[in-house]
Amino acid sequence: MQLDITVRNMGPESTAEMIRHCARLAEDAGVDALWVADHIAIPPDDAEGSNGRYLDPLATLAFLAAATTRIGLGVGVLVLPYRPPLPTAKWLATIQELSDGRLLFGAGVGWMAPEFRAVGVDRRRRGAIADETLAILARCFAADEVELNGQRFLFRPRPARPPILVGGAPPHALRRAARYGDGWMPMGMPPDELGPHVAALRRLMAEAGKPEPQVAVLTRLPVDDPPAARAVLEAYAAAGATRLIHGARYRDTTEYHRHVNALATLRAGLGT
């Protein structure tokens with residue numbers, strides 16, 4: 001199992017200096033990947049903890065691509081209906097190109113009604129819009145020459161398509177993952193609930209002629225209790241998770257350093 005960590009692209013911790021420092025701490029500790037979140041228009045009554053300050057996730061990953069050399073770079077998850085498909089494909093290809101293939105693409109349909117109102121998108125169509133976007137992304141990464149809206153154009157650079165991990169709840173997210181993606185990204189699902197869904201996803205992926213899925217679970221490990229954290233990791237691995245993303249809570253780089261060191265110790269103990 002791979003062990004990843006979030007880095008806050010929101011709130012007072014999202015300064016350039018702090019993000020850069022945290023990313024390098026995680027890379028130096030041997031953490032497998034960094035993940036950022038996506039919010040675009042937080043309403044004032046839902047801004048606790050961030051004060052409405054959110055950096056764009058794709059711009060943040062581009063920044064981190066230049067600040068690091070090895071660590072994976074993930075967005076978990078990009079809300080597909082908020083952005084036009086072709087510019088999104090260009091962003092993803094650019095980050096993948098400039099990071100030397102380190103991008104991990106978590107994709108989702110979104111849920112927050114105020115954000116959908118702010119961007120002017122009908123929330124009831126979010127699933128259909130997400131499917132349309134994923135289909136266009138597949139076409140862009142499959143060939144240098146693409147046609148959209150009756151116009152042919154060159155999609156370059158065209159690096160290897162990043163792994164697509166579809167976020168969301170079963171059964172829709174599992175079907176979407178099998179059709180368009182490489183795996184699934186559940187959030188906060190306990191290990192005892194995860195196993196049956198992973199088994200269902202494996203069946204869907206096999207029916208689609210695809211390899212075993214990646215399953216990246218976003219949760220929070222009890223890093224201050226190493227035996228408990230190890231037990232959680234082992235339970236997720238037994239349930240079929242292939243990577244675990246630790247949602248770190250921290251106020252400064254000293255606290256973040258404690259998180260990445262705890263993950264490094266767990267990683268060494270698991271032999272990953």
# chains A, B, ... in the order shown; residues from 1 in each chain; ligands from 1
call {"tool": "residues_around", "arguments": {"residues": "A:Leu104", "least_positions_apart": "6", "cutoff": "7 Å", "atoms": "only C-alpha atoms", "output": "list in words"}}
result
Gly72, Leu73, Gly74, Val75, Pro162, Pro163 and Ile164 of chain A
call {"tool": "residues_around", "arguments": {"residues": "stretch 8-11 of chain A", "least_positions_apart": "3", "cutoff": "6 Å", "atoms": "only C-alpha atoms", "output": "list of chain:residue names"}}
result
A:Ser14, A:Ser50, A:Arg53, A:Tyr54, A:Leu55
call {"tool": "residues_around", "arguments": {"residues": "stretch 244-254 of chain A", "least_positions_apart": "6", "cutoff": "6 Å", "atoms": "only C-alpha atoms", "output": "PyMOL selection string"}}
result
chain A and resi 3-6+216-220
call {"tool": "residues_around", "arguments": {"residues": "A:Ile95", "least_positions_apart": "2", "cutoff": "8 Å", "atoms": "only C-alpha atoms", "output": "list of chain:residue names"}}
result
A:Leu58, A:Leu61, A:Ala62, A:Ala65, A:Trp91, A:Leu92, A:Ala93, A:Glu97, A:Leu98, A:Ser99, A:Leu103
call {"tool": "write_last_selection", "arguments": {"atoms": "N, CA and C atoms", "output": "CSV table (one decimal), in the first residue's frame"}}
result
chain,number,residue,atom,x,y,z
A,58,LEU,N,-5.3,22.9,-9.4
A,58,LEU,CA,-4.4,22.6,-10.5
A,58,LEU,C,-3.3,23.6,-10.6
A,61,LEU,N,-0.9,22.4,-7.9
A,61,LEU,CA,-0.1,21.3,-8.3
A,61,LEU,C,1.0,21.7,-9.3
A,62,ALA,N,0.7,22.6,-10.2
A,62,ALA,CA,1.8,23.1,-11.1
A,62,ALA,C,2.9,23.8,-10.3
A,65,ALA,N,4.9,21.0,-8.7
A,65,ALA,CA,5.7,20.3,-9.6
A,65,ALA,C,7.1,20.9,-9.7
A,91,TRP,N,-4.8,21.8,-18.7
A,91,TRP,CA,-4.2,21.9,-17.4
A,91,TRP,C,-3.6,20.6,-17.0
A,92,LEU,N,-4.3,19.5,-17.1
A,92,LEU,CA,-3.9,18.2,-16.7
A,92,LEU,C,-2.6,17.8,-17.5
A,93,ALA,N,-2.7,17.9,-18.8
A,93,ALA,CA,-1.6,17.5,-19.6
A,93,ALA,C,-0.3,18.4,-19.3
A,97,GLU,N,3.1,16.8,-17.9
A,97,GLU,CA,4.3,17.1,-18.7
A,97,GLU,C,5.4,17.7,-17.9
A,98,LEU,N,5.1,18.7,-17.1
A,98,LEU,CA,6.1,19.5,-16.4
A,98,LEU,C,6.5,18.8,-15.1
A,99,SER,N,5.7,17.8,-14.6
A,99,SER,CA,6.1,17.1,-13.4
A,99,SER,C,6.8,15.8,-13.7
A,103,LEU,N,1.4,13.2,-11.9
A,103,LEU,CA,0.1,13.6,-11.6
A,103,LEU,C,-0.8,12.4,-11.3
call {"tool": "select_by_dssp", "arguments": {"residues": "stretch 99-263 of chain A", "states": "helix (DSSP H, G or I)", "output": "CSV table (one decimal) with N, CA, C and O atoms, in the first residue's frame"}}
result
chain,number,residue,atom,x,y,z
A,113,ALA,N,-24.2,22.8,-3.2
A,113,ALA,CA,-25.2,23.6,-4.0
A,113,ALA,C,-24.8,25.0,-4.2
A,113,ALA,O,-24.9,25.6,-5.3
A,114,PRO,N,-24.3,25.7,-3.1
A,114,PRO,CA,-23.9,27.1,-3.3
A,114,PRO,C,-22.8,27.3,-4.4
A,114,PRO,O,-22.8,28.3,-5.1
A,115,GLU,N,-21.9,26.4,-4.5
A,115,GLU,CA,-20.8,26.5,-5.5
A,115,GLU,C,-21.4,26.3,-6.9
A,115,GLU,O,-21.0,27.0,-7.8
A,116,PHE,N,-22.3,25.4,-7.0
A,116,PHE,CA,-23.0,25.2,-8.3
A,116,PHE,C,-23.7,26.4,-8.8
A,116,PHE,O,-23.7,26.8,-9.9
A,117,ARG,N,-24.4,27.1,-7.8
A,117,ARG,CA,-25.1,28.3,-8.1
A,117,ARG,C,-24.1,29.4,-8.5
A,117,ARG,O,-24.3,30.2,-9.5
A,118,ALA,N,-22.9,29.5,-7.8
A,118,ALA,CA,-22.0,30.5,-8.1
A,118,ALA,C,-21.3,30.4,-9.5
A,118,ALA,O,-21.1,31.4,-10.2
A,119,VAL,N,-21.1,29.1,-9.9
A,119,VAL,CA,-20.5,28.9,-11.3
A,119,VAL,C,-21.6,28.8,-12.4
A,119,VAL,O,-21.3,28.7,-13.5
A,123,ARG,N,-27.0,21.9,-10.9
A,123,ARG,CA,-26.5,20.8,-10.1
A,123,ARG,C,-27.1,19.4,-10.4
A,123,ARG,O,-26.5,18.4,-10.3
A,124,ARG,N,-28.3,19.5,-11.0
A,124,ARG,CA,-29.0,18.2,-11.3
A,124,ARG,C,-28.3,17.5,-12.5
A,124,ARG,O,-28.5,16.3,-12.7
A,125,ARG,N,-27.5,18.3,-13.3
A,125,ARG,CA,-26.8,17.7,-14.4
A,125,ARG,C,-25.4,17.3,-14.1
A,125,ARG,O,-24.6,17.0,-15.0
A,126,ARG,N,-25.0,17.3,-12.9
A,126,ARG,CA,-23.6,17.2,-12.6
A,126,ARG,C,-23.0,15.8,-13.0
A,126,ARG,O,-21.9,15.8,-13.5
A,127,GLY,N,-23.8,14.8,-12.9
A,127,GLY,CA,-23.3,13.5,-13.3
A,127,GLY,C,-23.1,13.4,-14.8
A,127,GLY,O,-22.1,12.9,-15.3
A,128,ALA,N,-24.1,13.9,-15.6
A,128,ALA,CA,-24.0,13.9,-17.0
A,128,ALA,C,-22.8,14.8,-17.5
A,128,ALA,O,-22.0,14.4,-18.4
A,129,ILE,N,-22.6,15.9,-16.9
A,129,ILE,CA,-21.5,16.8,-17.2
A,129,ILE,C,-20.2,16.2,-16.9
A,129,ILE,O,-19.2,16.2,-17.7
A,130,ALA,N,-20.1,15.5,-15.8
A,130,ALA,CA,-18.8,14.8,-15.4
A,130,ALA,C,-18.5,13.7,-16.4
A,130,ALA,O,-17.4,13.6,-16.9
A,131,ASP,N,-19.5,12.9,-16.9
A,131,ASP,CA,-19.3,11.9,-17.9
A,131,ASP,C,-18.8,12.5,-19.2
A,131,ASP,O,-17.9,12.0,-19.8
A,132,GLU,N,-19.4,13.6,-19.6
A,132,GLU,CA,-19.0,14.3,-20.9
A,132,GLU,C,-17.6,14.7,-20.8
A,132,GLU,O,-16.8,14.6,-21.7
A,133,THR,N,-17.2,15.3,-19.6
A,133,THR,CA,-15.8,15.8,-19.4
A,133,THR,C,-14.8,14.6,-19.5
A,133,THR,O,-13.8,14.7,-20.1
A,134,LEU,N,-15.2,13.5,-18.8
A,134,LEU,CA,-14.2,12.4,-18.8
A,134,LEU,C,-14.1,11.8,-20.2
A,134,LEU,O,-13.0,11.3,-20.6
A,135,ALA,N,-15.2,11.8,-20.9
A,135,ALA,CA,-15.1,11.3,-22.3
A,135,ALA,C,-14.2,12.1,-23.2
A,135,ALA,O,-13.4,11.6,-24.0
A,136,ILE,N,-14.3,13.5,-23.0
A,136,ILE,CA,-13.4,14.4,-23.8
A,136,ILE,C,-12.0,14.2,-23.3
A,136,ILE,O,-11.1,14.3,-24.2
A,137,LEU,N,-11.7,14.1,-22.0
A,137,LEU,CA,-10.4,13.9,-21.6
A,137,LEU,C,-9.8,12.6,-22.2
A,137,LEU,O,-8.6,12.7,-22.6
A,138,ALA,N,-10.5,11.6,-22.3
A,138,ALA,CA,-10.0,10.3,-22.9
A,138,ALA,C,-9.6,10.6,-24.3
A,138,ALA,O,-8.6,10.1,-24.8
A,139,ARG,N,-10.5,11.3,-25.0
A,139,ARG,CA,-10.1,11.6,-26.4
A,139,ARG,C,-8.9,12.4,-26.6
A,139,ARG,O,-8.1,12.2,-27.5
A,140,CYS,N,-8.7,13.4,-25.7
A,140,CYS,CA,-7.6,14.3,-25.8
A,140,CYS,C,-6.3,13.5,-25.5
A,140,CYS,O,-5.2,13.8,-26.2
A,141,PHE,N,-6.3,12.6,-24.6
A,141,PHE,CA,-5.1,11.9,-24.2
A,141,PHE,C,-4.8,10.7,-25.1
A,141,PHE,O,-3.7,10.1,-25.1
A,142,ALA,N,-5.8,10.4,-26.0
A,142,ALA,CA,-5.6,9.2,-26.9
A,142,ALA,C,-5.0,9.6,-28.2
A,142,ALA,O,-4.4,8.7,-28.9
A,172,HIS,N,-22.9,4.7,-8.3
A,172,HIS,CA,-22.6,5.5,-9.5
A,172,HIS,C,-21.1,5.7,-9.7
A,172,HIS,O,-20.6,5.6,-10.8
A,173,ALA,N,-20.4,6.0,-8.6
A,173,ALA,CA,-18.9,6.2,-8.7
A,173,ALA,C,-18.2,5.0,-9.3
A,173,ALA,O,-17.3,5.1,-10.0
A,174,LEU,N,-18.7,3.8,-8.8
A,174,LEU,CA,-18.0,2.5,-9.3
A,174,LEU,C,-18.2,2.3,-10.8
A,174,LEU,O,-17.3,2.0,-11.5
A,175,ARG,N,-19.5,2.6,-11.2
A,175,ARG,CA,-19.7,2.4,-12.7
A,175,ARG,C,-18.9,3.5,-13.5
A,175,ARG,O,-18.4,3.2,-14.6
A,176,ARG,N,-18.9,4.7,-13.0
A,176,ARG,CA,-18.1,5.7,-13.7
A,176,ARG,C,-16.6,5.4,-13.7
A,176,ARG,O,-15.9,5.6,-14.7
A,177,ALA,N,-16.1,4.8,-12.6
A,177,ALA,CA,-14.7,4.4,-12.6
A,177,ALA,C,-14.4,3.3,-13.6
A,177,ALA,O,-13.4,3.4,-14.3
A,178,ALA,N,-15.3,2.4,-13.7
A,178,ALA,CA,-15.1,1.2,-14.6
A,178,ALA,C,-15.1,1.7,-16.0
A,178,ALA,O,-14.4,1.2,-16.9
A,179,ARG,N,-16.0,2.7,-16.3
A,179,ARG,CA,-16.1,3.2,-17.7
A,179,ARG,C,-15.0,4.1,-18.1
A,179,ARG,O,-14.5,4.0,-19.2
A,180,TYR,N,-14.6,5.0,-17.2
A,180,TYR,CA,-13.7,6.1,-17.6
A,180,TYR,C,-12.4,6.1,-16.9
A,180,TYR,O,-11.4,6.8,-17.3
A,191,PRO,N,-13.0,0.6,6.9
A,191,PRO,CA,-12.5,-0.6,6.2
A,191,PRO,C,-13.6,-1.7,6.1
A,191,PRO,O,-13.7,-2.4,5.1
A,192,ASP,N,-14.5,-1.8,7.1
A,192,ASP,CA,-15.5,-2.9,7.1
A,192,ASP,C,-16.5,-2.6,6.0
A,192,ASP,O,-17.2,-3.6,5.6
A,193,GLU,N,-16.7,-1.4,5.6
A,193,GLU,CA,-17.7,-1.0,4.5
A,193,GLU,C,-17.0,-1.1,3.2
A,193,GLU,O,-17.7,-1.3,2.2
A,194,LEU,N,-15.7,-0.9,3.2
A,194,LEU,CA,-15.0,-0.8,1.9
A,194,LEU,C,-14.9,-2.1,1.1
A,194,LEU,O,-15.1,-2.1,-0.1
A,195,GLY,N,-14.7,-3.2,1.8
A,195,GLY,CA,-14.4,-4.5,1.1
A,195,GLY,C,-15.4,-4.9,0.0
A,195,GLY,O,-15.1,-5.2,-1.1
A,196,PRO,N,-16.7,-4.9,0.4
A,196,PRO,CA,-17.7,-5.3,-0.6
A,196,PRO,C,-17.7,-4.4,-1.9
A,196,PRO,O,-18.0,-4.8,-3.0
A,197,HIS,N,-17.5,-3.1,-1.7
A,197,HIS,CA,-17.5,-2.2,-2.8
A,197,HIS,C,-16.3,-2.4,-3.7
A,197,HIS,O,-16.4,-2.3,-4.9
A,198,VAL,N,-15.1,-2.7,-3.1
A,198,VAL,CA,-13.9,-3.0,-3.9
A,198,VAL,C,-14.2,-4.3,-4.7
A,198,VAL,O,-13.8,-4.3,-5.9
A,199,ALA,N,-14.8,-5.3,-4.1
A,199,ALA,CA,-15.1,-6.5,-4.8
A,199,ALA,C,-16.0,-6.2,-6.0
A,199,ALA,O,-15.8,-6.7,-7.1
A,200,ALA,N,-17.0,-5.3,-5.8
A,200,ALA,CA,-17.9,-4.9,-6.9
A,200,ALA,C,-17.2,-4.2,-8.0
A,200,ALA,O,-17.4,-4.4,-9.2
A,201,LEU,N,-16.3,-3.3,-7.6
A,201,LEU,CA,-15.5,-2.5,-8.6
A,201,LEU,C,-14.6,-3.5,-9.4
A,201,LEU,O,-14.4,-3.3,-10.6
A,202,ARG,N,-14.0,-4.4,-8.7
A,202,ARG,CA,-13.1,-5.4,-9.4
A,202,ARG,C,-13.9,-6.1,-10.5
A,202,ARG,O,-13.4,-6.4,-11.6
A,203,ARG,N,-15.1,-6.5,-10.2
A,203,ARG,CA,-16.0,-7.2,-11.2
A,203,ARG,C,-16.3,-6.3,-12.4
A,203,ARG,O,-16.2,-6.7,-13.5
A,204,LEU,N,-16.6,-5.0,-12.1
A,204,LEU,CA,-16.9,-4.1,-13.1
A,204,LEU,C,-15.7,-3.8,-14.0
A,204,LEU,O,-15.8,-3.7,-15.2
A,205,MET,N,-14.6,-3.7,-13.4
A,205,MET,CA,-13.3,-3.4,-14.2
A,205,MET,C,-13.0,-4.6,-15.0
A,205,MET,O,-12.6,-4.4,-16.2
A,206,ALA,N,-13.2,-5.8,-14.5
A,206,ALA,CA,-12.9,-7.0,-15.3
A,206,ALA,C,-13.8,-7.1,-16.5
A,206,ALA,O,-13.4,-7.4,-17.6
A,207,GLU,N,-15.1,-6.8,-16.3
A,207,GLU,CA,-16.1,-6.8,-17.4
A,207,GLU,C,-15.7,-5.7,-18.4
A,207,GLU,O,-16.1,-5.9,-19.6
A,226,PRO,N,0.9,5.0,17.1
A,226,PRO,CA,1.4,4.2,16.0
A,226,PRO,C,0.8,2.8,15.9
A,226,PRO,O,0.4,2.3,14.8
A,227,PRO,N,0.6,2.0,17.0
A,227,PRO,CA,-0.1,0.7,16.9
A,227,PRO,C,-1.5,0.8,16.3
A,227,PRO,O,-1.9,0.0,15.5
A,228,ALA,N,-2.2,1.8,16.8
A,228,ALA,CA,-3.6,2.0,16.2
A,228,ALA,C,-3.5,2.4,14.7
A,228,ALA,O,-4.3,1.9,13.9
A,229,ALA,N,-2.6,3.2,14.4
A,229,ALA,CA,-2.5,3.6,13.0
A,229,ALA,C,-2.1,2.4,12.1
A,229,ALA,O,-2.6,2.3,11.0
A,230,ARG,N,-1.2,1.6,12.6
A,230,ARG,CA,-0.8,0.4,11.8
A,230,ARG,C,-2.0,-0.5,11.7
A,230,ARG,O,-2.2,-1.1,10.6
A,231,ALA,N,-2.8,-0.7,12.7
A,231,ALA,CA,-4.0,-1.5,12.6
A,231,ALA,C,-5.0,-1.0,11.6
A,231,ALA,O,-5.6,-1.8,10.8
A,232,VAL,N,-5.1,0.3,11.5
A,232,VAL,CA,-6.0,0.9,10.5
A,232,VAL,C,-5.5,0.6,9.1
A,232,VAL,O,-6.2,0.2,8.2
A,233,LEU,N,-4.2,0.8,8.9
A,233,LEU,CA,-3.6,0.6,7.6
A,233,LEU,C,-3.8,-0.9,7.2
A,233,LEU,O,-4.2,-1.1,6.0
A,234,GLU,N,-3.6,-1.8,8.1
A,234,GLU,CA,-3.7,-3.2,7.8
A,234,GLU,C,-5.1,-3.6,7.4
A,234,GLU,O,-5.4,-4.4,6.5
A,235,ALA,N,-6.1,-2.9,8.1
A,235,ALA,CA,-7.5,-3.2,7.8
A,235,ALA,C,-7.9,-2.7,6.5
A,235,ALA,O,-8.6,-3.3,5.7
A,236,TYR,N,-7.4,-1.5,6.1
A,236,TYR,CA,-7.7,-1.0,4.8
A,236,TYR,C,-7.0,-1.8,3.7
A,236,TYR,O,-7.6,-2.1,2.6
A,237,ALA,N,-5.8,-2.3,3.9
A,237,ALA,CA,-5.1,-3.1,2.9
A,237,ALA,C,-5.9,-4.4,2.7
A,237,ALA,O,-6.1,-4.9,1.6
A,238,ALA,N,-6.4,-5.0,3.8
A,238,ALA,CA,-7.1,-6.2,3.7
A,238,ALA,C,-8.4,-6.0,3.0
A,238,ALA,O,-8.9,-6.9,2.3
A,239,ALA,N,-9.0,-4.8,3.1
A,239,ALA,CA,-10.3,-4.5,2.4
A,239,ALA,C,-10.1,-4.2,0.9
A,239,ALA,O,-11.1,-4.0,0.2
A,253,THR,N,4.6,24.3,10.0
A,253,THR,CA,5.4,23.2,9.4
A,253,THR,C,6.0,22.3,10.5
A,253,THR,O,6.3,21.1,10.1
A,254,THR,N,6.1,22.7,11.7
A,254,THR,CA,6.5,21.8,12.8
A,254,THR,C,5.5,20.6,13.0
A,254,THR,O,5.9,19.5,13.0
A,255,GLU,N,4.2,21.0,13.0
A,255,GLU,CA,3.2,20.0,13.1
A,255,GLU,C,3.2,19.1,11.9
A,255,GLU,O,3.0,17.9,12.0
A,256,TYR,N,3.3,19.7,10.7
A,256,TYR,CA,3.3,18.9,9.5
A,256,TYR,C,4.5,17.9,9.5
A,256,TYR,O,4.3,16.8,9.0
A,257,HIS,N,5.6,18.4,9.9
A,257,HIS,CA,6.8,17.5,10.0
A,257,HIS,C,6.5,16.3,10.8
A,257,HIS,O,6.9,15.1,10.5
A,258,ARG,N,5.8,16.5,11.9
A,258,ARG,CA,5.4,15.3,12.8
A,258,ARG,C,4.5,14.3,12.0
A,258,ARG,O,4.7,13.1,12.2
A,259,HIS,N,3.6,14.8,11.2
A,259,HIS,CA,2.8,14.0,10.5
A,259,HIS,C,3.6,13.1,9.4
A,259,HIS,O,3.4,11.9,9.3
A,260,VAL,N,4.4,13.8,8.7
A,260,VAL,CA,5.2,13.1,7.6
A,260,VAL,C,6.2,12.1,8.2
A,260,VAL,O,6.4,11.0,7.7
A,261,ASN,N,6.7,12.4,9.4
A,261,ASN,CA,7.6,11.5,10.0
A,261,ASN,C,6.9,10.3,10.5
A,261,ASN,O,7.4,9.1,10.4
A,262,ALA,N,5.7,10.5,11.0
A,262,ALA,CA,4.8,9.3,11.5
A,262,ALA,C,4.5,8.4,10.3
A,262,ALA,O,4.5,7.2,10.4
A,263,LEU,N,4.2,9.0,9.1
A,263,LEU,CA,3.9,8.2,8.0
A,263,LEU,C,5.1,7.5,7.5
A,263,LEU,O,5.0,6.3,7.0
call {"tool": "select_by_dssp", "arguments": {"residues": "stretch 115-172 of chain A", "states": "strand (DSSP E)", "output": "number ranges by chain"}}
result
A: 145-148, 151-154, 164-167
call {"tool": "write_last_selection", "arguments": {"atoms": "N, CA, C and O atoms", "output": "mmCIF file, in the first residue's frame"}}
result
data_model
loop_
_atom_site.group_PDB
_atom_site.id
_atom_site.type_symbol
_atom_site.label_atom_id
_atom_site.label_comp_id
_atom_site.auth_asym_id
_atom_site.auth_seq_id
_atom_site.Cartn_x
_atom_site.Cartn_y
_atom_site.Cartn_z
ATOM 1 N N GLU A 145 -4.362 14.541 -32.579
ATOM 2 C CA GLU A 145 -5.358 15.322 -33.321
ATOM 3 C C GLU A 145 -6.753 14.948 -32.816
ATOM 4 O O GLU A 145 -7.129 13.776 -32.797
ATOM 5 N N VAL A 146 -7.499 15.959 -32.404
ATOM 6 C CA VAL A 146 -8.802 15.757 -31.779
ATOM 7 C C VAL A 146 -9.817 16.654 -32.479
ATOM 8 O O VAL A 146 -9.463 17.710 -33.011
ATOM 9 N N GLU A 147 -11.071 16.225 -32.479
ATOM 10 C CA GLU A 147 -12.141 17.072 -33.004
ATOM 11 C C GLU A 147 -13.189 17.304 -31.918
ATOM 12 O O GLU A 147 -13.707 16.362 -31.334
ATOM 13 N N LEU A 148 -13.481 18.581 -31.683
ATOM 14 C CA LEU A 148 -14.545 18.971 -30.764
ATOM 15 C C LEU A 148 -15.352 20.091 -31.393
ATOM 16 O O LEU A 148 -14.779 21.010 -31.992
ATOM 17 N N GLN A 151 -14.514 21.186 -34.866
ATOM 18 C CA GLN A 151 -13.203 21.755 -35.161
ATOM 19 C C GLN A 151 -12.100 20.776 -34.778
ATOM 20 O O GLN A 151 -12.045 20.279 -33.660
ATOM 21 N N ARG A 152 -11.210 20.518 -35.751
ATOM 22 C CA ARG A 152 -10.056 19.672 -35.473
ATOM 23 C C ARG A 152 -8.926 20.542 -34.947
ATOM 24 O O ARG A 152 -8.745 21.688 -35.368
ATOM 25 N N PHE A 153 -8.164 19.983 -34.017
ATOM 26 C CA PHE A 153 -7.042 20.721 -33.445
ATOM 27 C C PHE A 153 -6.012 19.725 -32.930
ATOM 28 O O PHE A 153 -6.285 18.528 -32.777
ATOM 29 N N LEU A 154 -4.820 20.236 -32.647
ATOM 30 C CA LEU A 154 -3.734 19.418 -32.123
ATOM 31 C C LEU A 154 -3.686 19.552 -30.610
ATOM 32 O O LEU A 154 -3.670 20.671 -30.077
ATOM 33 N N ILE A 164 -6.738 8.013 -13.413
ATOM 34 C CA ILE A 164 -7.992 8.672 -13.055
ATOM 35 C C ILE A 164 -8.660 7.877 -11.943
ATOM 36 O O ILE A 164 -9.006 6.704 -12.122
ATOM 37 N N LEU A 165 -8.828 8.522 -10.796
ATOM 38 C CA LEU A 165 -9.496 7.911 -9.644
ATOM 39 C C LEU A 165 -10.797 8.653 -9.418
ATOM 40 O O LEU A 165 -10.804 9.837 -9.084
ATOM 41 N N VAL A 166 -11.886 7.973 -9.616
ATOM 42 C CA VAL A 166 -13.201 8.612 -9.543
ATOM 43 C C VAL A 166 -13.680 8.636 -8.097
ATOM 44 O O VAL A 166 -13.742 7.603 -7.424
ATOM 45 N N GLY A 167 -14.004 9.839 -7.615
ATOM 46 C CA GLY A 167 -14.538 9.975 -6.276
ATOM 47 C C GLY A 167 -16.052 9.839 -6.258
ATOM 48 O O GLY A 167 -16.712 9.915 -7.290
#
call {"tool": "atom_distance", "arguments": {"atom1": "atom CA of A:Gly168", "atom2": "atom CA of A:Gly110"}}
result
8.5 Å
call {"tool": "atom_distance", "arguments": {"atom1": "atom CA of A:Pro213", "atom2": "atom CA of A:Ala169"}}
result
15.8 Å
call {"tool": "closest_residue", "arguments": {"among": "A:Arg102, A:Thr242, A:Asp225, A:Met112", "to": "A:Thr265", "atoms": "only C-alpha atoms"}}
result
A:Asp225
call {"tool": "atom_distance", "arguments": {"atom1": "atom CA of A:Arg70", "atom2": "atom CA of A:Ala23"}}
result
10.6 Å
call {"tool": "closest_residue", "arguments": {"among": "A:Gly30, A:Gly52, A:Pro57, A:Gly120", "to": "A:Val7", "atoms": "only C-alpha atoms"}}
result
A:Pro57
